[in-house]
Amino acid sequence: MLLVAALAVGSANASITLPSYITDNMIVQQNSILTVEGYAAPGSKVTVRPGWTNKPLTAKADGNGSFTLKVKTPPAGGPYSIAFEDTDGTVRLENILSGEVWLCSGQSNMEFPVEGWGKAMDYDHEVATAQHPDIRLLKVKQNMAFSPKEDVEVDGEGWQICSPASVADFSAVAYFFARELSEELKVPVGVIDTSYGGTPAEAWTSAEALGAIPGFEQQLTALKEAGYDADTLYENYDKKIEAWMALAKSYKVDFDMAVMQSGDNWKEIAVPGYWEQSVLPDFDGTVCLQRTIEIPADKAGKVLELKFQAIDDEDETYFNGRLVGKCSWHNAPRNYSVPGDLVKAGTNVISVKVTDFGAEGGIVPGVAEAVVDGLSIPLSGTWQYSILKDFSQLPPKPVSPRWPNYPTVLYNAMISPLKNMPLKGVLWYQGCANVGRDRQYESLFKALINDWRKLWGEQTPFYFVQLAGYLQPLPVQPNSPWAALRNAQAKALELENTGMAVAIDLGNPVDIHPKNKKDVAHRLALIALNRDYGKDCIYQSPRCISVKPSGNSLELKFDAPIHSSTNAITGFIIAGADGVFTTATPVAVDDCTLLISAPSVSKPAFVRYNWADDPCGNLYGPTGLPVAPFANDK
């Protein structure tokens, strides 16, 4: 496969082609080695003339035209030119800078642009003032592959000078990070945006690394069986999923959905809510949910609307036994219209068949109501449920290879091809797509970090953002899947040269894409400035270093002073040996010590802070950085 040619002013019919990330306006990592693997006329002599040295480099292209050159980069500075010559002519690249290069990757919160579809906070001002010729931007196109590619695809003509035009659709976190580093270091900074919304960590990890992580055996086997060929993989998947779905649908509904059921097979469940957090932990399958509503006589015969925030993953919804709506998209709002002839005075029965194929399942927290002729009838409360099909009794469901969440496909297309581009470090903002699989994520995330370090060096700095608060705020939520994922992220700090930017206080309960990306980038920049550039700045908040019993309280010691943003300290829950958590009352003993207690817990053993999907904790360090979520039983 030929590499994409890097077009440049001054090319003279050259046959040389270069990787798509080697273009005009690029920034190279200072004082490093840039490896150039390109193509030229077969058998020709290739000469490279970097503008920062008088010593040209040469290599001979093989019979296929492939050549490799290693170019030593200068200290920060420029602009420079680089000329590549063979027997057919010259490719000349202009306006090259040397400085600091950071790779920025992850899912949609890293992809989130300054303006574009995201619109970061104060985006109009930020775009209008984004004239920074010493900052360069490279955006990698979203792509997937089943085996490692030789080159990435890039937007436009490659590296762009930072300007209002180029920054608008570029990663906000990456841009704000680059701007802060450039201002502090007074050197050119380049950022590479290689992100893809909605994608899990396994898509960004190599097949070799995933082989050591339980849970991906099926997909890795499918890749091998297909010889890593896309058409064969799709064909094999289509056959497997057809057979699996036949098994999943092989159940009978032997009751009348127009009638409220009873018996040993029917139990109570709170709706809305994910069933994994209540009555069906770790359950995947099909469940029937039922409840009744009372319709006043003057509303009978009128069209009724059933409204749910979403139903995860898919549903069939019945009103008095008739199907009134169905949907197969897990986060789509449900607004089902019930014909007036079904709406009767008195008791009416709502039945919802919910199928969950993985992670969270059930009627999603949020809106749940029936609306008829201006009357809103809440649907939140106690429903009853019965299991129709338990998928744990089936072989694992085949995973579609047609989506960018398939294991290895983004690593192969968007990460591995950049291995010859020297970097200073990596920024990572991802995790939402792995919520519900925290135990797996703990080892998966560490494997990803070590995997990427095989490309750029085992000590490559790797700094990541811990997930922000999201979804319905609850004071006590010990089974929060978002809290568990944040805890799994924090475990990566056990690896050397890692750092975590805490963003728990920057979230939005109704928006998975909070707009305050400048503070996220600032917290990442603080880590890099301290750890990699020797700046005297505090980059992490105080940490709880000890928890011990003290009468009917727990004494918590922190390694630096803490303070609350309001009068009362919030965000703590405690439990005794029984593991039943309740809200706690913290009392400050001194700047670094808290006593945590609750009237209902006489002998507290466990304490957690900011442990919920969208917690309410308000502890900060002296510089305004939030205390990270923690638990002494995790």
# chains A, B, ... in the order shown; residues from 1 in each chain; ligands from 1
$ residues_around --residues "Thr460 in chain A" --least-positions-apart "3" --cutoff "9 Å" --atoms "only C-alpha atoms" --output "list in words"
Leu423, Lys424, Gly425, Val426, Trp452, Arg453, Trp456, Gly457, Asn497 and Thr498 of chain A
$ residues_around --residues "Val580 in chain A" --least-positions-apart "3" --cutoff "12 Å" --atoms "only C-alpha atoms" --output "number ranges by chain"
A: 476-479, 573-577, 583, 598, 600-601, 603-608
$ write_last_selection --atoms "N, CA, C and O atoms" --output "PDB file, in the first residue's frame"
ATOM      1  N   VAL A 476     -26.671   9.059  48.165  1.00  0.00           N
ATOM      2  CA  VAL A 476     -26.092   7.757  48.523  1.00  0.00           C
ATOM      3  C   VAL A 476     -26.232   6.831  47.313  1.00  0.00           C
ATOM      4  O   VAL A 476     -27.341   6.469  46.927  1.00  0.00           O
ATOM      5  N   GLN A 477     -25.112   6.465  46.724  1.00  0.00           N
ATOM      6  CA  GLN A 477     -25.131   5.602  45.542  1.00  0.00           C
ATOM      7  C   GLN A 477     -23.887   4.711  45.541  1.00  0.00           C
ATOM      8  O   GLN A 477     -23.029   4.821  44.679  1.00  0.00           O
ATOM      9  N   PRO A 478     -23.795   3.802  46.493  1.00  0.00           N
ATOM     10  CA  PRO A 478     -22.575   2.986  46.596  1.00  0.00           C
ATOM     11  C   PRO A 478     -22.346   2.072  45.402  1.00  0.00           C
ATOM     12  O   PRO A 478     -21.220   1.636  45.174  1.00  0.00           O
ATOM     13  N   ASN A 479     -23.395   1.776  44.616  1.00  0.00           N
ATOM     14  CA  ASN A 479     -23.239   0.904  43.450  1.00  0.00           C
ATOM     15  C   ASN A 479     -23.114   1.691  42.150  1.00  0.00           C
ATOM     16  O   ASN A 479     -23.332   1.152  41.068  1.00  0.00           O
ATOM     17  N   ILE A 573     -20.048   9.368  52.368  1.00  0.00           N
ATOM     18  CA  ILE A 573     -20.942   8.322  52.857  1.00  0.00           C
ATOM     19  C   ILE A 573     -20.104   7.322  53.657  1.00  0.00           C
ATOM     20  O   ILE A 573     -18.917   7.126  53.373  1.00  0.00           O
ATOM     21  N   ILE A 574     -20.720   6.704  54.676  1.00  0.00           N
ATOM     22  CA  ILE A 574     -19.996   5.715  55.483  1.00  0.00           C
ATOM     23  C   ILE A 574     -20.892   4.505  55.723  1.00  0.00           C
ATOM     24  O   ILE A 574     -22.113   4.557  55.552  1.00  0.00           O
ATOM     25  N   ALA A 575     -20.233   3.421  56.117  1.00  0.00           N
ATOM     26  CA  ALA A 575     -20.944   2.177  56.417  1.00  0.00           C
ATOM     27  C   ALA A 575     -20.213   1.435  57.519  1.00  0.00           C
ATOM     28  O   ALA A 575     -19.006   1.614  57.718  1.00  0.00           O
ATOM     29  N   GLY A 576     -20.959   0.602  58.215  1.00  0.00           N
ATOM     30  CA  GLY A 576     -20.351  -0.305  59.178  1.00  0.00           C
ATOM     31  C   GLY A 576     -19.896  -1.574  58.484  1.00  0.00           C
ATOM     32  O   GLY A 576     -19.823  -1.649  57.245  1.00  0.00           O
ATOM     33  N   ALA A 577     -19.631  -2.607  59.266  1.00  0.00           N
ATOM     34  CA  ALA A 577     -19.160  -3.876  58.702  1.00  0.00           C
ATOM     35  C   ALA A 577     -20.184  -4.503  57.775  1.00  0.00           C
ATOM     36  O   ALA A 577     -19.836  -5.332  56.926  1.00  0.00           O
ATOM     37  N   THR A 583     -25.486   8.710  54.305  1.00  0.00           N
ATOM     38  CA  THR A 583     -24.795   9.998  54.286  1.00  0.00           C
ATOM     39  C   THR A 583     -24.110  10.242  55.622  1.00  0.00           C
ATOM     40  O   THR A 583     -24.591   9.824  56.672  1.00  0.00           O
ATOM     41  N   ALA A 598     -22.027   9.135  61.375  1.00  0.00           N
ATOM     42  CA  ALA A 598     -23.454   9.155  61.052  1.00  0.00           C
ATOM     43  C   ALA A 598     -24.201   8.547  62.225  1.00  0.00           C
ATOM     44  O   ALA A 598     -23.745   7.559  62.823  1.00  0.00           O
ATOM     45  N   SER A 600     -26.702   6.613  62.447  1.00  0.00           N
ATOM     46  CA  SER A 600     -27.147   5.232  62.283  1.00  0.00           C
ATOM     47  C   SER A 600     -25.999   4.232  62.218  1.00  0.00           C
ATOM     48  O   SER A 600     -26.232   3.027  62.129  1.00  0.00           O
ATOM     49  N   VAL A 601     -24.748   4.711  62.243  1.00  0.00           N
ATOM     50  CA  VAL A 601     -23.588   3.812  62.133  1.00  0.00           C
ATOM     51  C   VAL A 601     -22.756   3.961  63.402  1.00  0.00           C
ATOM     52  O   VAL A 601     -21.993   4.919  63.566  1.00  0.00           O
ATOM     53  N   LYS A 603     -20.379   1.816  64.601  1.00  0.00           N
ATOM     54  CA  LYS A 603     -18.983   1.431  64.412  1.00  0.00           C
ATOM     55  C   LYS A 603     -18.636   1.514  62.928  1.00  0.00           C
ATOM     56  O   LYS A 603     -18.620   0.501  62.212  1.00  0.00           O
ATOM     57  N   PRO A 604     -18.362   2.712  62.429  1.00  0.00           N
ATOM     58  CA  PRO A 604     -18.068   2.856  61.004  1.00  0.00           C
ATOM     59  C   PRO A 604     -16.777   2.157  60.621  1.00  0.00           C
ATOM     60  O   PRO A 604     -15.800   2.158  61.372  1.00  0.00           O
ATOM     61  N   ALA A 605     -16.798   1.540  59.447  1.00  0.00           N
ATOM     62  CA  ALA A 605     -15.617   0.826  58.952  1.00  0.00           C
ATOM     63  C   ALA A 605     -15.191   1.332  57.579  1.00  0.00           C
ATOM     64  O   ALA A 605     -14.005   1.300  57.244  1.00  0.00           O
ATOM     65  N   PHE A 606     -16.165   1.789  56.776  1.00  0.00           N
ATOM     66  CA  PHE A 606     -15.874   2.158  55.389  1.00  0.00           C
ATOM     67  C   PHE A 606     -16.329   3.586  55.118  1.00  0.00           C
ATOM     68  O   PHE A 606     -17.381   4.018  55.602  1.00  0.00           O
ATOM     69  N   VAL A 607     -15.538   4.283  54.355  1.00  0.00           N
ATOM     70  CA  VAL A 607     -15.873   5.653  53.974  1.00  0.00           C
ATOM     71  C   VAL A 607     -15.589   5.837  52.488  1.00  0.00           C
ATOM     72  O   VAL A 607     -14.619   5.291  51.948  1.00  0.00           O
ATOM     73  N   ARG A 608     -16.470   6.576  51.833  1.00  0.00           N
ATOM     74  CA  ARG A 608     -16.267   6.919  50.429  1.00  0.00           C
ATOM     75  C   ARG A 608     -16.561   8.411  50.255  1.00  0.00           C
ATOM     76  O   ARG A 608     -17.441   8.956  50.918  1.00  0.00           O
TER      77      ARG A 608
END
$ closest_residue --among "A:Gln261, A:Asn54, A:Asn508, A:Gln309" --to "Leu379 in chain A" --atoms "only C-alpha atoms"
A:Gln309
$ atom_distance --atom1 "CA of Phe146 in chain A" --atom2 "CA of Ala413 in chain A"
8.1 Å
$ atom_distance --atom1 "CA of Glu100 in chain A" --atom2 "CA of Val189 in chain A"
4.8 Å
$ atom_distance --atom1 "CA of Ile527 in chain A" --atom2 "CA of Met500 in chain A"
8.0 Å
$ residues_around --residues "Asn109 in chain A" --least-positions-apart "4" --cutoff "8 Å" --atoms "only C-alpha atoms" --output "CSV table (one decimal) with C-alpha atoms, in the first residue's frame"
chain,number,residue,atom,x,y,z
A,197,GLY,CA,-16.6,9.7,20.0
A,429,TYR,CA,-9.9,11.6,27.8
A,430,GLN,CA,-12.0,8.4,27.6
A,513,HIS,CA,-20.2,16.7,27.2
$ closest_atom_pairs --of "range 457-559 of chain A" --to "range 154-175 of chain A" --cutoff "12 Å" --atoms "only C-alpha atoms" --output "tab-separated table"
residue	atom	partner	partner_atom	distance
A:Phe464	CA	A:Val173	CA	11.4
A:Val465	CA	A:Val173	CA	10.3
A:Ala501	CA	A:Val173	CA	11.9
A:His513	CA	A:Ala172	CA	11.7
A:Pro514	CA	A:Ala172	CA	11.5
A:Lys515	CA	A:Ala172	CA	9.3
A:Asn516	CA	A:Val173	CA	9.3
A:Lys517	CA	A:Val173	CA	5.6
A:Lys518	CA	A:Val173	CA	6.6
A:Asp519	CA	A:Val173	CA	8.8
A:Val520	CA	A:Val173	CA	6.8
A:Ala521	CA	A:Val173	CA	5.1
A:His522	CA	A:Val173	CA	8.7
A:Arg523	CA	A:Val173	CA	10.3
A:Leu524	CA	A:Val173	CA	9.0
A:Ala525	CA	A:Val173	CA	10.1
$ write_last_selection --atoms "all heavy atoms" --output "compact mmCIF listing (two decimals), in the first residue's frame"
# COMPACT_ATOMS: atom_id res chain seq x y z
N PHE A 464 -4.19 11.56 31.95
CA PHE A 464 -5.57 11.29 31.57
C PHE A 464 -6.54 12.07 32.44
O PHE A 464 -6.20 12.56 33.52
CB PHE A 464 -5.87 9.78 31.66
CG PHE A 464 -5.63 9.18 33.02
CD1 PHE A 464 -6.66 9.07 33.94
CD2 PHE A 464 -4.37 8.70 33.38
CE1 PHE A 464 -6.44 8.51 35.20
CE2 PHE A 464 -4.14 8.15 34.64
CZ PHE A 464 -5.18 8.05 35.54
N VAL A 465 -7.77 12.18 31.94
CA VAL A 465 -8.83 12.90 32.64
C VAL A 465 -9.78 11.90 33.28
O VAL A 465 -10.28 11.00 32.61
CB VAL A 465 -9.62 13.81 31.67
CG1 VAL A 465 -10.69 14.59 32.42
CG2 VAL A 465 -8.68 14.75 30.91
N ALA A 501 -5.96 14.15 35.79
CA ALA A 501 -6.65 15.41 36.00
C ALA A 501 -8.06 15.11 36.50
O ALA A 501 -8.84 14.46 35.81
CB ALA A 501 -6.71 16.21 34.70
N HIS A 513 -21.30 15.86 27.75
CA HIS A 513 -20.23 16.67 27.17
C HIS A 513 -20.20 18.05 27.84
O HIS A 513 -20.65 19.03 27.25
CB HIS A 513 -20.41 16.84 25.66
CG HIS A 513 -20.49 15.55 24.92
ND1 HIS A 513 -21.60 15.16 24.20
CD2 HIS A 513 -19.59 14.55 24.79
CE1 HIS A 513 -21.37 13.97 23.66
NE2 HIS A 513 -20.17 13.59 24.01
N PRO A 514 -19.70 18.15 29.06
CA PRO A 514 -19.62 19.46 29.72
C PRO A 514 -18.76 20.41 28.90
O PRO A 514 -17.77 20.01 28.29
CB PRO A 514 -19.01 19.14 31.08
CG PRO A 514 -18.32 17.83 30.92
CD PRO A 514 -19.11 17.07 29.90
N LYS A 515 -19.12 21.68 28.90
CA LYS A 515 -18.51 22.66 28.00
C LYS A 515 -17.25 23.31 28.55
O LYS A 515 -16.50 23.95 27.80
CB LYS A 515 -19.54 23.72 27.63
CG LYS A 515 -20.74 23.17 26.87
CD LYS A 515 -21.69 24.27 26.46
CE LYS A 515 -22.91 23.69 25.72
NZ LYS A 515 -22.52 22.99 24.49
N ASN A 516 -16.98 23.16 29.83
CA ASN A 516 -15.81 23.79 30.41
C ASN A 516 -14.56 22.95 30.14
O ASN A 516 -14.08 22.20 31.00
CB ASN A 516 -15.99 23.99 31.91
CG ASN A 516 -14.84 24.76 32.53
OD1 ASN A 516 -13.86 25.09 31.86
ND2 ASN A 516 -14.92 25.03 33.82
N LYS A 517 -14.06 23.06 28.93
CA LYS A 517 -12.88 22.29 28.56
C LYS A 517 -11.58 23.01 28.91
O LYS A 517 -10.52 22.39 28.96
CB LYS A 517 -12.92 21.99 27.06
CG LYS A 517 -14.07 21.05 26.66
CD LYS A 517 -13.90 19.69 27.29
CE LYS A 517 -14.89 18.66 26.77
NZ LYS A 517 -16.16 18.63 27.50
N LYS A 518 -11.66 24.33 29.15
CA LYS A 518 -10.44 25.07 29.47
C LYS A 518 -9.87 24.62 30.81
O LYS A 518 -8.65 24.45 30.96
CB LYS A 518 -10.73 26.56 29.49
CG LYS A 518 -9.46 27.42 29.57
CD LYS A 518 -9.77 28.90 29.74
CE LYS A 518 -10.56 29.43 28.57
NZ LYS A 518 -10.78 30.90 28.67
N ASP A 519 -10.74 24.42 31.82
CA ASP A 519 -10.24 23.96 33.12
C ASP A 519 -9.71 22.54 33.05
O ASP A 519 -8.75 22.20 33.75
CB ASP A 519 -11.36 24.06 34.17
CG ASP A 519 -11.54 25.48 34.69
OD1 ASP A 519 -10.67 26.32 34.43
OD2 ASP A 519 -12.56 25.75 35.35
N VAL A 520 -10.33 21.70 32.23
CA VAL A 520 -9.81 20.34 32.03
C VAL A 520 -8.39 20.41 31.48
O VAL A 520 -7.46 19.76 31.98
CB VAL A 520 -10.71 19.54 31.08
CG1 VAL A 520 -10.07 18.19 30.75
CG2 VAL A 520 -12.08 19.33 31.70
N ALA A 521 -8.22 21.22 30.43
CA ALA A 521 -6.90 21.36 29.82
C ALA A 521 -5.89 21.96 30.79
O ALA A 521 -4.71 21.57 30.80
CB ALA A 521 -7.01 22.21 28.56
N HIS A 522 -6.34 22.93 31.59
CA HIS A 522 -5.43 23.56 32.56
C HIS A 522 -4.92 22.53 33.57
O HIS A 522 -3.72 22.53 33.92
CB HIS A 522 -6.18 24.67 33.28
CG HIS A 522 -5.42 25.28 34.43
ND1 HIS A 522 -4.22 25.93 34.29
CD2 HIS A 522 -5.70 25.30 35.78
CE1 HIS A 522 -3.79 26.34 35.47
NE2 HIS A 522 -4.66 25.96 36.39
N ARG A 523 -5.80 21.66 34.02
CA ARG A 523 -5.37 20.66 35.00
C ARG A 523 -4.39 19.65 34.38
O ARG A 523 -3.46 19.19 35.04
CB ARG A 523 -6.59 19.97 35.60
CG ARG A 523 -7.42 20.92 36.46
CD ARG A 523 -8.75 20.35 36.92
NE ARG A 523 -9.56 21.37 37.60
CZ ARG A 523 -10.74 21.17 38.14
NH1 ARG A 523 -11.30 19.95 38.08
NH2 ARG A 523 -11.40 22.16 38.73
N LEU A 524 -4.59 19.35 33.11
CA LEU A 524 -3.61 18.51 32.41
C LEU A 524 -2.29 19.25 32.23
O LEU A 524 -1.20 18.67 32.41
CB LEU A 524 -4.16 18.08 31.04
CG LEU A 524 -5.28 17.05 31.03
CD1 LEU A 524 -5.92 16.97 29.66
CD2 LEU A 524 -4.76 15.68 31.45
N ALA A 525 -2.38 20.52 31.88
CA ALA A 525 -1.17 21.31 31.67
C ALA A 525 -0.35 21.43 32.95
O ALA A 525 0.89 21.40 32.91
CB ALA A 525 -1.54 22.70 31.14
$ residues_around --residues "Val191 in chain A" --least-positions-apart "6" --cutoff "9 Å" --atoms "only C-alpha atoms" --output "list of chain:residue names"
A:Ile27, A:Glu100, A:Val101, A:Trp102, A:Leu103, A:Cys104, A:Ile135, A:Arg136, A:Leu137, A:Leu138, A:Lys139, A:Ala174, A:Tyr175, A:Phe177, A:Ala178
$ write_last_selection --atoms "N, CA and C atoms" --output "PDB file, in the first residue's frame"
ATOM      1  N   ILE A  27       5.253  20.470  13.365  1.00  0.00           N
ATOM      2  CA  ILE A  27       6.192  20.611  14.473  1.00  0.00           C
ATOM      3  C   ILE A  27       6.792  19.242  14.750  1.00  0.00           C
ATOM      4  N   GLU A 100       7.545  21.081  21.188  1.00  0.00           N
ATOM      5  CA  GLU A 100       6.961  20.019  21.999  1.00  0.00           C
ATOM      6  C   GLU A 100       5.723  19.464  21.290  1.00  0.00           C
ATOM      7  N   VAL A 101       5.635  18.144  21.181  1.00  0.00           N
ATOM      8  CA  VAL A 101       4.532  17.492  20.479  1.00  0.00           C
ATOM      9  C   VAL A 101       3.802  16.549  21.431  1.00  0.00           C
ATOM     10  N   TRP A 102       2.475  16.721  21.517  1.00  0.00           N
ATOM     11  CA  TRP A 102       1.645  15.889  22.384  1.00  0.00           C
ATOM     12  C   TRP A 102       0.533  15.243  21.555  1.00  0.00           C
ATOM     13  N   LEU A 103       0.331  13.957  21.783  1.00  0.00           N
ATOM     14  CA  LEU A 103      -0.756  13.208  21.151  1.00  0.00           C
ATOM     15  C   LEU A 103      -1.977  13.257  22.066  1.00  0.00           C
ATOM     16  N   CYS A 104      -3.132  13.646  21.521  1.00  0.00           N
ATOM     17  CA  CYS A 104      -4.355  13.804  22.312  1.00  0.00           C
ATOM     18  C   CYS A 104      -5.410  12.850  21.777  1.00  0.00           C
ATOM     19  N   ILE A 135       1.729  27.585  17.498  1.00  0.00           N
ATOM     20  CA  ILE A 135       0.962  26.383  17.827  1.00  0.00           C
ATOM     21  C   ILE A 135       0.510  25.754  16.515  1.00  0.00           C
ATOM     22  N   ARG A 136       0.719  24.459  16.370  1.00  0.00           N
ATOM     23  CA  ARG A 136       0.338  23.762  15.151  1.00  0.00           C
ATOM     24  C   ARG A 136      -0.603  22.612  15.504  1.00  0.00           C
ATOM     25  N   LEU A 137      -1.559  22.371  14.619  1.00  0.00           N
ATOM     26  CA  LEU A 137      -2.629  21.414  14.863  1.00  0.00           C
ATOM     27  C   LEU A 137      -2.648  20.357  13.763  1.00  0.00           C
ATOM     28  N   LEU A 138      -2.734  19.097  14.172  1.00  0.00           N
ATOM     29  CA  LEU A 138      -2.887  17.998  13.210  1.00  0.00           C
ATOM     30  C   LEU A 138      -4.084  17.165  13.640  1.00  0.00           C
ATOM     31  N   LYS A 139      -5.061  17.043  12.747  1.00  0.00           N
ATOM     32  CA  LYS A 139      -6.268  16.284  13.047  1.00  0.00           C
ATOM     33  C   LYS A 139      -6.274  15.004  12.219  1.00  0.00           C
ATOM     34  N   ALA A 174      -7.248  19.740  23.550  1.00  0.00           N
ATOM     35  CA  ALA A 174      -5.920  19.762  22.948  1.00  0.00           C
ATOM     36  C   ALA A 174      -5.443  21.192  22.701  1.00  0.00           C
ATOM     37  N   TYR A 175      -6.330  22.032  22.158  1.00  0.00           N
ATOM     38  CA  TYR A 175      -5.950  23.417  21.868  1.00  0.00           C
ATOM     39  C   TYR A 175      -5.624  24.192  23.138  1.00  0.00           C
ATOM     40  N   PHE A 177      -4.723  23.114  26.006  1.00  0.00           N
ATOM     41  CA  PHE A 177      -3.494  22.569  26.580  1.00  0.00           C
ATOM     42  C   PHE A 177      -2.282  23.132  25.846  1.00  0.00           C
ATOM     43  N   ALA A 178      -2.321  23.095  24.511  1.00  0.00           N
ATOM     44  CA  ALA A 178      -1.201  23.603  23.722  1.00  0.00           C
ATOM     45  C   ALA A 178      -0.969  25.083  23.986  1.00  0.00           C
TER      46      ALA A 178
END
$ decode --residues "range 387-394 of chain A" --atoms "all heavy atoms" --output "compact mmCIF listing (two decimals), in the first residue's frame"
# COMPACT_ATOMS: atom_id res chain seq x y z
N ILE A 387 -38.42 -12.03 34.53
CA ILE A 387 -37.39 -12.32 33.53
C ILE A 387 -37.97 -13.22 32.44
O ILE A 387 -38.54 -14.28 32.72
CB ILE A 387 -36.18 -13.00 34.19
CG1 ILE A 387 -35.48 -12.03 35.15
CG2 ILE A 387 -35.19 -13.50 33.14
CD1 ILE A 387 -34.37 -12.66 35.96
N LEU A 388 -37.82 -12.78 31.20
CA LEU A 388 -38.28 -13.57 30.05
C LEU A 388 -37.15 -14.38 29.42
O LEU A 388 -37.38 -15.48 28.92
CB LEU A 388 -38.90 -12.66 28.99
CG LEU A 388 -40.09 -11.80 29.44
CD1 LEU A 388 -40.61 -10.97 28.28
CD2 LEU A 388 -41.21 -12.68 30.00
N LYS A 389 -35.93 -13.81 29.42
CA LYS A 389 -34.79 -14.52 28.84
C LYS A 389 -33.51 -14.06 29.53
O LYS A 389 -33.24 -12.86 29.63
CB LYS A 389 -34.68 -14.24 27.34
CG LYS A 389 -33.68 -15.13 26.61
CD LYS A 389 -34.21 -16.56 26.47
CE LYS A 389 -33.30 -17.43 25.64
NZ LYS A 389 -33.88 -18.77 25.41
N ASP A 390 -32.74 -15.02 30.03
CA ASP A 390 -31.47 -14.73 30.68
C ASP A 390 -30.34 -15.08 29.71
O ASP A 390 -30.11 -16.24 29.39
CB ASP A 390 -31.35 -15.57 31.96
CG ASP A 390 -30.08 -15.28 32.74
OD1 ASP A 390 -29.21 -14.55 32.23
OD2 ASP A 390 -29.96 -15.79 33.87
N PHE A 391 -29.62 -14.04 29.23
CA PHE A 391 -28.59 -14.27 28.22
C PHE A 391 -27.36 -14.99 28.77
O PHE A 391 -26.52 -15.45 28.00
CB PHE A 391 -28.16 -12.95 27.59
CG PHE A 391 -29.23 -12.31 26.71
CD1 PHE A 391 -29.09 -11.01 26.26
CD2 PHE A 391 -30.37 -13.01 26.34
CE1 PHE A 391 -30.06 -10.42 25.46
CE2 PHE A 391 -31.36 -12.44 25.55
CZ PHE A 391 -31.19 -11.13 25.11
N SER A 392 -27.24 -15.06 30.10
CA SER A 392 -26.10 -15.80 30.65
C SER A 392 -26.21 -17.28 30.34
O SER A 392 -25.22 -18.02 30.47
CB SER A 392 -26.01 -15.58 32.16
OG SER A 392 -27.10 -16.19 32.84
N GLN A 393 -27.41 -17.73 29.95
CA GLN A 393 -27.60 -19.12 29.58
C GLN A 393 -27.24 -19.38 28.11
O GLN A 393 -27.33 -20.51 27.63
CB GLN A 393 -29.06 -19.54 29.82
CG GLN A 393 -29.55 -19.24 31.23
CD GLN A 393 -28.72 -19.92 32.30
OE1 GLN A 393 -28.42 -21.11 32.20
NE2 GLN A 393 -28.33 -19.16 33.32
N LEU A 394 -26.87 -18.31 27.39
CA LEU A 394 -26.53 -18.42 25.98
C LEU A 394 -25.03 -18.26 25.77
O LEU A 394 -24.32 -17.76 26.64
CB LEU A 394 -27.25 -17.32 25.17
CG LEU A 394 -28.77 -17.22 25.27
CD1 LEU A 394 -29.26 -16.07 24.40
CD2 LEU A 394 -29.42 -18.53 24.85
